[in-house]
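Undergrad: Supplied in structure tokens, the structure appears directly below.
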Amino acid sequence: MKRTPIVELSDCVLCELCTDLCPKVFVINTNDYVQVMELDTYPEPEVDEVIKNCPADCITWEEQP
Ligand code: SF4
């Protein structure tokens, strides 16, 4: 089971907490949106910490078989 973080962009307030805490996974792209990097595996504890602290509560895990 692959788990990928997903950002609901319509709720994101661009506070940049995710890009500060976990820059390997979350970046601000050239359109000024948060983008999740394509990785084979994601550092779950770090992403969970970001999910817990995101002020807009707009990051979730998506599970793929
Ligand atoms: S922490 Fe949440 S609200 Fe802040 S930039 Fe990241 S996704 Fe957007």
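Numbering starts fresh at 1 for the residues of each chain in the structure tokens, the chains themselves are lettered A, B, ... in the order given, and ligands are numbered from 1 as they appear.
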Residues of chain A that approach ligand 1 to 12 Å or less, counting only C-alpha atoms and all ligand atoms: could you list each one with the shortest pair of atoms and its distance in Å to one decimal, rows by chain and increasing residue number, as a Markdown table?
TA:
```
| residue | atom | partner | partner_atom_place_in_ligand_line | distance |
| --- | --- | --- | --- | --- |
| A:Pro5 | CA | ligand 1 | 7 (S) | 10.1 |
| A:Ile6 | CA | ligand 1 | 7 (S) | 8.8 |
| A:Val7 | CA | ligand 1 | 7 (S) | 5.7 |
| A:Glu8 | CA | ligand 1 | 7 (S) | 7.3 |
| A:Leu9 | CA | ligand 1 | 8 (Fe) | 7.2 |
| A:Ser10 | CA | ligand 1 | 8 (Fe) | 9.2 |
| A:Asp11 | CA | ligand 1 | 3 (S) | 7.1 |
| A:Cys12 | CA | ligand 1 | 8 (Fe) | 3.8 |
| A:Val13 | CA | ligand 1 | 3 (S) | 4.4 |
| A:Leu14 | CA | ligand 1 | 5 (S) | 3.7 |
| A:Cys15 | CA | ligand 1 | 4 (Fe) | 4.0 |
| A:Glu16 | CA | ligand 1 | 5 (S) | 4.0 |
| A:Leu17 | CA | ligand 1 | 1 (S) | 4.4 |
| A:Cys18 | CA | ligand 1 | 6 (Fe) | 4.2 |
| A:Thr19 | CA | ligand 1 | 6 (Fe) | 6.5 |
| A:Asp20 | CA | ligand 1 | 1 (S) | 8.8 |
| A:Leu21 | CA | ligand 1 | 1 (S) | 8.8 |
| A:Cys22 | CA | ligand 1 | 6 (Fe) | 9.6 |
| A:Pro23 | CA | ligand 1 | 6 (Fe) | 10.5 |
| A:Val25 | CA | ligand 1 | 6 (Fe) | 10.6 |
| A:Phe26 | CA | ligand 1 | 6 (Fe) | 7.5 |
| A:Val27 | CA | ligand 1 | 6 (Fe) | 8.8 |
| A:Ile28 | CA | ligand 1 | 5 (S) | 8.2 |
| A:Asn29 | CA | ligand 1 | 5 (S) | 11.4 |
| A:Asp32 | CA | ligand 1 | 5 (S) | 10.0 |
| A:Tyr33 | CA | ligand 1 | 5 (S) | 8.2 |
| A:Val34 | CA | ligand 1 | 5 (S) | 6.2 |
| A:Gln35 | CA | ligand 1 | 7 (S) | 8.8 |
| A:Val36 | CA | ligand 1 | 7 (S) | 9.5 |
| A:Val47 | CA | ligand 1 | 1 (S) | 10.4 |
| A:Asp48 | CA | ligand 1 | 1 (S) | 11.4 |
| A:Glu49 | CA | ligand 1 | 1 (S) | 10.2 |
| A:Val50 | CA | ligand 1 | 1 (S) | 6.5 |
| A:Ile51 | CA | ligand 1 | 1 (S) | 7.4 |
| A:Lys52 | CA | ligand 1 | 1 (S) | 9.1 |
| A:Asn53 | CA | ligand 1 | 1 (S) | 6.9 |
| A:Cys54 | CA | ligand 1 | 1 (S) | 3.9 |
| A:Pro55 | CA | ligand 1 | 3 (S) | 5.5 |
| A:Ala56 | CA | ligand 1 | 3 (S) | 4.7 |
| A:Asp57 | CA | ligand 1 | 2 (Fe) | 6.3 |
| A:Cys58 | CA | ligand 1 | 2 (Fe) | 5.7 |
| A:Ile59 | CA | ligand 1 | 7 (S) | 5.9 |
| A:Thr60 | CA | ligand 1 | 7 (S) | 9.6 |
```
Undergrad: Using backbone DSSP assignments, extract all alpha helix (DSSP H) residues from chain A; output them as a VMD selection string.
TA: chain A and resid 17 to 21 44 to 53
Undergrad: Hey, can you check how far CA of Pro45 in chain A sits from CA of Pro65 in chain A?
TA: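 About the pair CA of Pro45 in chain A and CA of Pro65 in chain A: they are 20.6 Å apart.
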Undergrad: Can you list every residue in chain A that DSSP puts in strand (DSSP E or B), as a ChimeraX atom specification?
TA: /A:2-7,26-28,34-36,59-64
Undergrad: Between CA of Trp61 in chain A and CA of Asn31 in chain A, what is the distance in Å, rounded to a tenth?
TA: 23.0 Å
